[in-house]
>>> print(open('input.cif').read())   # mmCIF, C-alpha atoms
data_final
loop_
_atom_site.group_PDB
_atom_site.id
_atom_site.type_symbol
_atom_site.label_atom_id
_atom_site.label_comp_id
_atom_site.auth_asym_id
_atom_site.auth_seq_id
_atom_site.Cartn_x
_atom_site.Cartn_y
_atom_site.Cartn_z
ATOM 1 C CA MET J 96 4.177 14.524 25.165
ATOM 2 C CA ASN J 97 6.603 13.384 22.456
ATOM 3 C CA HIS J 98 10.013 12.554 23.787
ATOM 4 C CA LEU J 99 12.923 10.286 22.801
ATOM 5 C CA ASP J 100 14.048 8.030 25.644
ATOM 6 C CA PHE J 101 16.824 5.959 24.036
ATOM 7 C CA LEU J 102 18.323 5.119 20.643
ATOM 8 C CA PHE J 103 20.844 2.344 20.019
ATOM 9 C CA PHE J 104 22.410 0.248 17.299
ATOM 10 C CA SER J 105 23.430 -3.216 18.436
ATOM 11 C CA LYS J 106 24.722 -6.439 16.897
ATOM 12 C CA ARG J 107 22.950 -9.662 17.845
ATOM 13 C CA ASN J 108 24.760 -12.989 17.738
ATOM 14 C CA GLN J 109 23.335 -16.086 16.106
ATOM 15 C CA ASP J 110 20.773 -17.779 18.400
ATOM 16 C CA GLN J 111 21.100 -14.922 20.903
ATOM 17 C CA TYR J 112 18.101 -14.647 23.179
ATOM 18 C CA ILE J 113 16.891 -11.476 24.868
ATOM 19 C CA PRO J 114 14.686 -12.550 27.809
ATOM 20 C CA LEU J 115 11.209 -11.198 28.465
ATOM 21 C CA HIS J 116 11.231 -7.593 29.649
ATOM 22 C CA ILE J 117 9.129 -4.422 29.576
ATOM 23 C CA HIS J 118 9.660 -0.688 29.019
ATOM 24 C CA GLN J 119 7.817 2.286 30.402
ATOM 25 C CA CYS J 120 7.776 3.791 26.913
ATOM 26 C CA TYR J 121 7.058 2.675 23.361
ATOM 27 C CA GLU J 122 9.841 0.664 21.741
ATOM 28 C CA LEU J 123 10.516 0.273 18.047
ATOM 29 C CA VAL J 124 12.977 -2.445 17.044
ATOM 30 C CA TYR J 125 14.156 -2.431 13.417
ATOM 31 C CA TYR J 126 15.471 -5.763 12.126
ATOM 32 C CA PHE J 127 18.160 -6.639 9.580
ATOM 33 C CA GLY J 128 18.112 -10.388 10.231
ATOM 34 C CA THR J 129 15.578 -13.138 10.907
ATOM 35 C CA GLY J 130 14.187 -14.576 14.087
ATOM 36 C CA GLU J 131 11.183 -14.591 16.394
ATOM 37 C CA THR J 132 9.801 -12.322 19.078
ATOM 38 C CA THR J 133 6.963 -12.756 21.531
ATOM 39 C CA ILE J 134 5.042 -9.546 22.193
ATOM 40 C CA GLY J 135 2.395 -9.930 24.843
ATOM 41 C CA SER J 136 0.864 -13.346 24.241
ATOM 42 C CA THR J 137 1.637 -13.575 20.506
ATOM 43 C CA THR J 138 4.758 -14.919 18.803
ATOM 44 C CA TYR J 139 5.858 -13.293 15.545
ATOM 45 C CA SER J 140 8.559 -13.994 12.975
ATOM 46 C CA PHE J 141 10.644 -11.082 11.727
ATOM 47 C CA LYS J 142 12.875 -10.595 8.697
ATOM 48 C CA PRO J 143 14.965 -7.767 7.201
ATOM 49 C CA SER J 144 13.076 -4.467 6.745
ATOM 50 C CA THR J 145 10.449 -5.359 9.321
ATOM 51 C CA PHE J 146 10.101 -3.725 12.697
ATOM 52 C CA ALA J 147 8.479 -4.454 16.026
ATOM 53 C CA LEU J 148 6.269 -1.857 17.626
ATOM 54 C CA ILE J 149 5.733 -2.472 21.326
ATOM 55 C CA SER J 150 3.465 -0.439 23.580
ATOM 56 C CA PRO J 151 4.471 0.633 27.090
ATOM 57 C CA HIS J 152 4.336 -2.060 29.802
ATOM 58 C CA VAL J 153 3.946 -4.907 27.257
ATOM 59 C CA GLU J 154 6.235 -7.870 27.929
ATOM 60 C CA HIS J 155 8.377 -9.005 25.012
ATOM 61 C CA ASP J 156 11.483 -11.010 24.126
ATOM 62 C CA GLU J 157 13.609 -11.730 21.049
ATOM 63 C CA ARG J 158 15.549 -14.592 19.500
ATOM 64 C CA GLN J 159 17.837 -14.102 16.490
ATOM 65 C CA ASP J 160 18.319 -16.875 13.924
ATOM 66 C CA THR J 161 21.475 -15.332 12.471
ATOM 67 C CA GLU J 162 24.055 -12.733 13.397
ATOM 68 C CA ALA J 163 22.615 -9.350 12.451
ATOM 69 C CA ASP J 164 22.359 -5.697 13.389
ATOM 70 C CA VAL J 165 19.401 -4.392 15.329
ATOM 71 C CA LEU J 166 18.303 -0.782 15.648
ATOM 72 C CA TYR J 167 16.007 0.112 18.521
ATOM 73 C CA ILE J 168 14.579 3.259 19.987
ATOM 74 C CA GLY J 169 12.395 4.043 22.981
ATOM 75 C CA PHE J 170 10.033 6.998 22.944
ATOM 76 C CA PHE J 171 7.056 8.535 24.690
ATOM 77 C CA CYS J 172 4.253 9.627 22.402
ATOM 78 C CA ASP J 173 0.760 11.065 22.820
ATOM 79 C CA ASN J 174 -0.432 10.063 19.328
ATOM 80 C CA LYS J 175 -3.563 7.974 20.028
ATOM 81 C CA SER J 176 -3.483 6.352 16.581
ATOM 82 C CA ILE J 177 -0.572 4.065 17.534
ATOM 83 C CA GLU J 178 -1.878 3.321 21.003
ATOM 84 C CA GLY J 179 -2.116 -0.413 21.620
ATOM 85 C CA LEU J 180 -0.534 -1.390 18.294
ATOM 86 C CA ASN J 181 1.745 -4.319 19.030
ATOM 87 C CA GLY J 182 3.302 -6.615 16.474
ATOM 88 C CA ILE J 183 5.689 -6.949 13.553
ATOM 89 C CA PHE J 184 5.133 -4.626 10.604
ATOM 90 C CA GLU J 185 6.772 -4.270 7.203
ATOM 91 C CA ASP J 186 8.532 -1.041 6.350
ATOM 92 C CA HIS J 187 7.483 0.900 3.270
ATOM 93 C CA LYS J 188 9.241 -0.147 0.052
ATOM 94 C CA ASN J 189 11.210 3.116 0.271
ATOM 95 C CA GLN J 190 12.217 2.272 3.851
ATOM 96 C CA ILE J 191 10.556 5.364 5.258
ATOM 97 C CA ILE J 192 10.774 4.184 8.868
ATOM 98 C CA TYR J 193 14.421 3.173 8.552
ATOM 99 C CA GLN J 194 15.431 6.436 6.872
ATOM 100 C CA HIS J 195 13.628 8.436 9.534
ATOM 101 C CA ILE J 196 15.380 6.581 12.341
ATOM 102 C CA LEU J 197 18.714 7.301 10.626
ATOM 103 C CA ARG J 198 17.810 11.007 10.758
ATOM 104 C CA MET J 199 17.158 10.641 14.458
ATOM 105 C CA LYS J 200 20.459 8.844 14.934
ATOM 106 C CA HIS J 201 22.334 11.580 13.063
ATOM 107 C CA GLU J 202 20.709 14.286 15.183
ATOM 108 C CA PHE J 203 21.479 12.331 18.339
ATOM 109 C CA LEU J 204 25.172 11.899 17.465
ATOM 110 C CA GLN J 205 25.766 15.437 16.172
ATOM 111 C CA GLN J 206 24.158 17.086 19.201
ATOM 112 C CA GLN J 207 23.877 20.505 17.643
ATOM 113 C CA ASP J 208 22.168 23.357 19.443
ATOM 114 C CA LEU J 209 18.622 22.459 20.498
ATOM 115 C CA PHE J 210 19.166 18.852 19.406
ATOM 116 C CA SER J 211 16.881 17.513 22.167
ATOM 117 C CA LYS J 212 13.983 19.627 20.890
ATOM 118 C CA MET J 213 14.680 18.468 17.366
ATOM 119 C CA LEU J 214 14.610 14.839 18.536
ATOM 120 C CA ASP J 215 11.246 15.397 20.174
ATOM 121 C CA LEU J 216 9.922 16.814 16.904
ATOM 122 C CA LEU J 217 11.318 13.799 15.062
ATOM 123 C CA VAL J 218 9.492 11.508 17.497
ATOM 124 C CA GLU J 219 6.238 13.248 16.603
ATOM 125 C CA GLU J 220 7.064 12.858 12.913
ATOM 126 C CA LEU J 221 7.869 9.175 13.471
ATOM 127 C CA ALA J 222 4.423 8.669 14.983
ATOM 128 C CA ILE J 223 2.873 10.212 11.862
ATOM 129 C CA HIS J 224 4.889 7.890 9.614
ATOM 130 C CA LEU J 225 3.727 4.932 11.705
ATOM 131 C CA GLU J 226 0.131 6.109 11.507
ATOM 132 C CA ARG J 227 0.356 6.423 7.731
ATOM 133 C CA LEU J 228 2.081 3.078 7.274
ATOM 134 C CA ILE J 229 0.011 1.027 9.674
ATOM 135 C CA GLY J 230 -3.179 3.044 9.302
ATOM 136 C CA SER J 231 -5.317 4.730 11.927
ATOM 137 C CA LYS J 232 -8.003 2.175 11.107
ATOM 138 C CA LYS J 233 -5.467 -0.639 11.299
ATOM 139 C CA SER J 234 -6.071 -1.437 7.638
ATOM 140 C CA GLN J 235 -2.673 -3.106 7.548
ATOM 141 C CA LYS J 236 -2.729 -5.821 10.158
ATOM 142 C CA PRO J 237 0.458 -6.920 11.872
ATOM 143 C CA MET J 238 2.180 -10.035 10.611
ATOM 144 C CA GLU J 239 0.785 -12.054 13.468
ATOM 145 C CA ASP J 240 -1.603 -14.808 12.501
ATOM 146 C CA ARG J 241 -2.217 -15.094 8.776
ATOM 147 C CA LEU J 242 -3.338 -18.677 9.136
ATOM 148 C CA HIS J 243 -6.905 -17.969 8.044
ATOM 149 C CA TYR J 244 -5.628 -16.410 4.817
ATOM 150 C CA ILE J 245 -3.295 -19.369 4.253
ATOM 151 C CA LEU J 246 -6.151 -21.823 4.862
ATOM 152 C CA ARG J 247 -8.304 -20.104 2.243
ATOM 153 C CA TYR J 248 -5.369 -20.095 -0.157
ATOM 154 C CA MET J 249 -4.905 -23.843 0.348
ATOM 155 C CA ASP J 250 -8.625 -24.461 -0.212
ATOM 156 C CA GLU J 251 -8.461 -22.646 -3.539
ATOM 157 C CA HIS J 252 -5.096 -23.918 -4.808
ATOM 158 C CA PHE J 253 -4.701 -27.404 -3.317
ATOM 159 C CA ARG J 254 -4.522 -28.977 -6.786
ATOM 160 C CA GLN J 255 -1.410 -26.947 -7.589
ATOM 161 C CA LYS J 256 2.131 -27.705 -6.488
ATOM 162 C CA ILE J 257 2.385 -26.214 -3.004
ATOM 163 C CA THR J 258 5.141 -26.695 -0.451
ATOM 164 C CA VAL J 259 4.943 -26.112 3.282
ATOM 165 C CA GLU J 260 8.010 -23.861 2.930
ATOM 166 C CA SER J 261 6.168 -21.569 0.513
ATOM 167 C CA LEU J 262 3.123 -21.418 2.795
ATOM 168 C CA ALA J 263 5.336 -20.562 5.777
ATOM 169 C CA ASN J 264 6.947 -17.730 3.792
ATOM 170 C CA MET J 265 3.531 -16.391 2.807
ATOM 171 C CA ALA J 266 2.454 -16.411 6.449
ATOM 172 C CA GLY J 267 5.668 -14.732 7.604
ATOM 173 C CA TYR J 268 6.705 -17.597 9.891
ATOM 174 C CA SER J 269 9.615 -20.001 9.980
ATOM 175 C CA TYR J 270 8.933 -23.509 8.643
ATOM 176 C CA ASP J 271 8.755 -25.146 12.079
ATOM 177 C CA ARG J 272 6.758 -22.313 13.634
ATOM 178 C CA PHE J 273 4.195 -22.374 10.821
ATOM 179 C CA ARG J 274 3.682 -26.146 11.099
ATOM 180 C CA HIS J 275 3.258 -25.868 14.859
ATOM 181 C CA LEU J 276 0.788 -22.967 14.726
ATOM 182 C CA PHE J 277 -1.243 -24.493 11.893
ATOM 183 C CA LYS J 278 -1.645 -27.840 13.634
ATOM 184 C CA GLU J 279 -2.389 -26.133 16.934
ATOM 185 C CA LYS J 280 -5.159 -24.046 15.354
ATOM 186 C CA TYR J 281 -6.715 -26.572 12.964
ATOM 187 C CA GLY J 282 -5.795 -29.918 14.513
ATOM 188 C CA ILE J 283 -4.070 -31.169 11.369
ATOM 189 C CA ALA J 284 -0.641 -30.721 9.782
ATOM 190 C CA PRO J 285 -0.610 -28.397 6.723
ATOM 191 C CA LEU J 286 0.600 -31.100 4.320
ATOM 192 C CA GLN J 287 -2.001 -33.529 5.614
ATOM 193 C CA TYR J 288 -4.654 -30.861 5.083
ATOM 194 C CA LEU J 289 -3.582 -30.468 1.450
ATOM 195 C CA TYR J 290 -3.737 -34.220 0.859
ATOM 196 C CA THR J 291 -7.157 -34.442 2.506
ATOM 197 C CA ASN J 292 -8.509 -31.804 0.104
ATOM 198 C CA ARG J 293 -6.971 -33.605 -2.839
ATOM 199 C CA ILE J 294 -8.488 -36.945 -1.844
ATOM 200 C CA GLU J 295 -11.946 -35.411 -1.362
ATOM 201 C CA TYR J 296 -11.669 -33.823 -4.796
ATOM 202 C CA ALA J 297 -10.534 -37.149 -6.284
ATOM 203 C CA LYS J 298 -13.572 -38.918 -4.797
ATOM 204 C CA THR J 299 -15.820 -36.511 -6.671
ATOM 205 C CA CYS J 300 -13.884 -37.052 -9.899
ATOM 206 C CA LEU J 301 -14.042 -40.846 -9.568
ATOM 207 C CA LEU J 302 -17.831 -40.777 -9.452
ATOM 208 C CA LYS J 303 -18.476 -37.829 -11.747
ATOM 209 C CA ASN J 304 -16.376 -39.152 -14.629
ATOM 210 C CA ARG J 305 -16.398 -42.932 -14.379
ATOM 211 C CA LYS J 306 -14.479 -43.366 -17.615
ATOM 212 C CA ALA J 307 -11.519 -41.231 -16.527
ATOM 213 C CA LEU J 308 -8.248 -43.055 -15.963
ATOM 214 C CA ILE J 309 -6.920 -43.260 -12.414
ATOM 215 C CA SER J 310 -3.677 -41.625 -13.586
ATOM 216 C CA GLU J 311 -5.638 -38.676 -15.020
ATOM 217 C CA ILE J 312 -7.576 -38.185 -11.800
ATOM 218 C CA ALA J 313 -4.357 -38.413 -9.778
ATOM 219 C CA LEU J 314 -2.677 -35.603 -11.700
ATOM 220 C CA ASP J 315 -5.842 -33.501 -11.854
ATOM 221 C CA SER J 316 -6.189 -33.763 -8.074
ATOM 222 C CA GLY J 317 -2.653 -32.527 -7.455
ATOM 223 C CA PHE J 318 -0.789 -35.773 -6.757
ATOM 224 C CA VAL J 319 2.677 -36.387 -8.187
ATOM 225 C CA ASN J 320 1.653 -39.646 -9.874
ATOM 226 C CA ASP J 321 -0.924 -42.428 -9.665
ATOM 227 C CA ALA J 322 1.275 -44.521 -7.357
ATOM 228 C CA GLN J 323 1.308 -41.791 -4.720
ATOM 229 C CA PHE J 324 -2.400 -41.187 -5.259
ATOM 230 C CA CYS J 325 -3.362 -44.848 -4.863
ATOM 231 C CA SER J 326 -1.219 -45.267 -1.773
ATOM 232 C CA MET J 327 -2.598 -42.205 0.009
ATOM 233 C CA PHE J 328 -6.160 -42.867 -1.133
ATOM 234 C CA LYS J 329 -6.111 -46.386 0.303
ATOM 235 C CA ARG J 330 -4.573 -45.117 3.532
ATOM 236 C CA ALA J 331 -7.389 -42.580 3.884
ATOM 237 C CA THR J 332 -10.362 -44.690 2.755
ATOM 238 C CA GLY J 333 -9.263 -48.275 3.267
ATOM 239 C CA MET J 334 -9.681 -49.144 -0.416
ATOM 240 C CA THR J 335 -8.098 -48.409 -3.770
ATOM 241 C CA PRO J 336 -9.561 -45.710 -6.042
ATOM 242 C CA THR J 337 -10.880 -48.356 -8.412
ATOM 243 C CA LYS J 338 -12.528 -50.315 -5.603
ATOM 244 C CA TYR J 339 -13.991 -47.108 -4.172
ATOM 245 C CA ARG J 340 -15.502 -46.200 -7.533
ATOM 246 C CA GLU J 341 -17.000 -49.682 -7.959
ATOM 247 C CA GLN J 342 -18.364 -49.901 -4.424
ATOM 248 C CA VAL J 343 -19.910 -46.431 -4.293
ATOM 249 C CA SER J 344 -21.374 -46.868 -7.772
ATOM 250 C CA ALA J 345 -22.865 -50.233 -6.786
ATOM 251 C CA ASN J 346 -24.331 -48.817 -3.588
ATOM 252 C CA THR J 347 -25.802 -45.863 -5.474
ATOM 253 C CA SER J 348 -27.413 -48.151 -8.069
ATOM 254 C CA TYR J 349 -28.821 -50.419 -5.334
ATOM 255 C CA ASN J 350 -30.271 -47.495 -3.400
ATOM 256 C CA ASN J 351 -31.873 -46.077 -6.543
ATOM 257 C CA LYS J 352 -33.363 -49.476 -7.286
ATOM 258 C CA ILE J 353 -34.829 -49.756 -3.789
ATOM 259 C CA LYS J 354 -36.424 -46.313 -4.107
ATOM 260 C CA LYS J 355 -38.130 -47.336 -7.378
ATOM 261 C CA THR J 356 -39.450 -50.628 -6.010
ATOM 262 C CA PRO J 357 -43.163 -50.269 -5.142
ATOM 263 C CA THR J 358 -44.161 -51.071 -1.561
#
>>> encode(input="input.cif", output="structure tokens")
Amino acid sequence: MNHLDFLFFSKRNQDQYIPLHIHQCYELVYYFGTGETTIGSTTYSFKPSTFALISPHVEHDERQDTEADVLYIGFFCDNKSIEGLNGIFEDHKNQIIYQHILRMKHEFLQQQDLFSKMLDLLVEELAIHLERLIGSKKSQKPMEDRLHYILRYMDEHFRQKITVESLANMAGYSYDRFRHLFKEKYGIAPLQYLYTNRIEYAKTCLLKNRKALISEIALDSGFVNDAQFCSMFKRATGMTPTKYREQVSANTSYNNKIKKTPT
């Protein structure tokens, strides 16, 4: 059964909060502003040209960061491919979902002969668009938790100039939400994680190339300058980079000497 239940345009105020609620039908909420929504047990960030897809009987809320329009429709659908898909998804670059909803709105307002049947057909077509966009095999995952991808990105690019703001944008979260989720999942703040990787890399450089200048190692490891590097290195290890190099080198030489000494 494919049937339209409701279709509305609404304007949300800045910081407006829509409390947790449920629907008996599917709901699709199309966003033109930014904010956060909790769908089930997961919190998502949304931005313009993204939409929430919410299954029947799933609790959800919404908080807008800025004043913006919101377009939302409720519908019943028997297309199994969208069953259980909950989250925030990005519209196609040609705004296929948005354009289709505008067609539905036009049909709803004009109310020509047999308009209700036409709306039901448009609901079925909407489900097909959703299936194509999201994928029956869920090849495009919702913008829920991209933290694992971000972690791998940080592991590969920690020596480059990276800001927490840019990581949050990549993950699809607000700055504060990203920091909170990252620390909650990995037990460390994202910036601290970057610095930890840089220090571990610097330790390797200090011992691998013992003639390299501290300033060279600092820049190669991703630090702004050698002053920042030395300060953070001492905070993490309890000694300066130079002292670390001398001490580890001395310990290595002593251990090698002990191994060569006949018993």
>>> closest_residue(input="input.cif", among="J:Phe210, J:Phe273, J:Tyr167, J:Phe318", to="Gln255 (chain J)", atoms="only C-alpha atoms")
J:Phe318
>>> resolve_selection(input="input.cif", expression="the PyMOL selection byres ((chain J and resi 259-261) around 9)", output="list in words")
Ile257, Thr258, Leu262, Ala263, Asn264, Met265, Ala266, Ser269, Tyr270, Phe273, Arg274, Pro285 and Leu286 of chain J
>>> atom_distance(input="input.cif", atom1="CA of Asn320 (chain J)", atom2="CA of Phe277 (chain J)")
26.7 Å
>>> closest_residue(input="input.cif", among="J:His152, J:Arg227, J:Lys200, J:His275", to="Leu115 (chain J)", atoms="all atoms listed in the file")
J:His152
>>> resolve_selection(input="input.cif", expression="the PyMOL selection byres ((chain J and resi 327) around 12)", output="list in words")
Gln287, Leu289, Tyr290, Thr291, Asn292, Arg293, Ile294, Glu295, Ala297, Ala313, Phe318, Val319, Asn320, Asp321, Ala322, Gln323, Phe324, Cys325, Ser326, Phe328, Lys329, Arg330, Ala331, Thr332, Gly333, Met334, Thr335 and Pro336 of chain J
>>> closest_residue(input="input.cif", among="J:Gly179, J:Phe127, J:Lys298, J:Asn174", to="Phe104 (chain J)", atoms="only C-alpha atoms")
J:Phe127
>>> atom_distance(input="input.cif", atom1="CA of Asp208 (chain J)", atom2="CA of Ile192 (chain J)")
24.7 Å
>>> residues_around(input="input.cif", residues="Leu302 (chain J)", least_positions_apart="2", cutoff="8 Å", atoms="only C-alpha atoms", output="PyMOL selection string")
chain J and resi 298-300+304-305+340+343-344
>>> write_last_selection(input="input.cif", atoms="C-alpha atoms", output="mmCIF file, in the frame of the given file")
data_model
loop_
_atom_site.group_PDB
_atom_site.id
_atom_site.type_symbol
_atom_site.label_atom_id
_atom_site.label_comp_id
_atom_site.auth_asym_id
_atom_site.auth_seq_id
_atom_site.Cartn_x
_atom_site.Cartn_y
_atom_site.Cartn_z
ATOM 1 C CA LYS J 298 -13.572 -38.918 -4.797
ATOM 2 C CA THR J 299 -15.820 -36.511 -6.671
ATOM 3 C CA CYS J 300 -13.884 -37.052 -9.899
ATOM 4 C CA ASN J 304 -16.376 -39.152 -14.629
ATOM 5 C CA ARG J 305 -16.398 -42.932 -14.379
ATOM 6 C CA ARG J 340 -15.502 -46.200 -7.533
ATOM 7 C CA VAL J 343 -19.910 -46.431 -4.293
ATOM 8 C CA SER J 344 -21.374 -46.868 -7.772
#
>>> residues_around(input="input.cif", residues="Gln119 (chain J)", least_positions_apart="5", cutoff="9 Å", atoms="all atoms listed in the file", output="ChimeraX atom specification")
/J:150-153,169,171
>>> atom_distance(input="input.cif", atom1="CA of Leu148 (chain J)", atom2="CA of Asn108 (chain J)")
21.6 Å
>>> axis_aligned_box(input="input.cif", around="region 256-268 of chain J", padding_each_side="8 Å", output="AutoDock Vina command-line options")
--center_x 5.1 --center_y -21.2 --center_z 1.7 --size_x 21.9 --size_y 29.0 --size_z 32.4
>>> resolve_selection(input="input.cif", expression="the PyMOL selection byres ((chain J and resi 129-140) around 9)", output="PyMOL selection string")
chain J and resi 110+115+126-128+141-143+147+149+153-163+181-183+238-240+267-269+272
>>> closest_residue(input="input.cif", among="J:Leu166, J:Val218, J:Ile309, J:Leu204", to="Tyr121 (chain J)", atoms="only C-alpha atoms")
J:Val218
>>> closest_residue(input="input.cif", among="J:Tyr296, J:Lys175, J:Tyr288, J:Gln207", to="Met249 (chain J)", atoms="all atoms listed in the file")
J:Tyr288
>>> residues_near_point(input="input.cif", point="(7.4, -5.2, 9.1)", cutoff="7 Å", atoms="all atoms listed in the file", output="number ranges by chain")
J: 144-146, 183-186
>>> closest_residue(input="input.cif", among="J:Glu311, J:Leu242, J:Leu197, J:Ile177", to="Tyr281 (chain J)", atoms="all atoms listed in the file")
J:Leu242
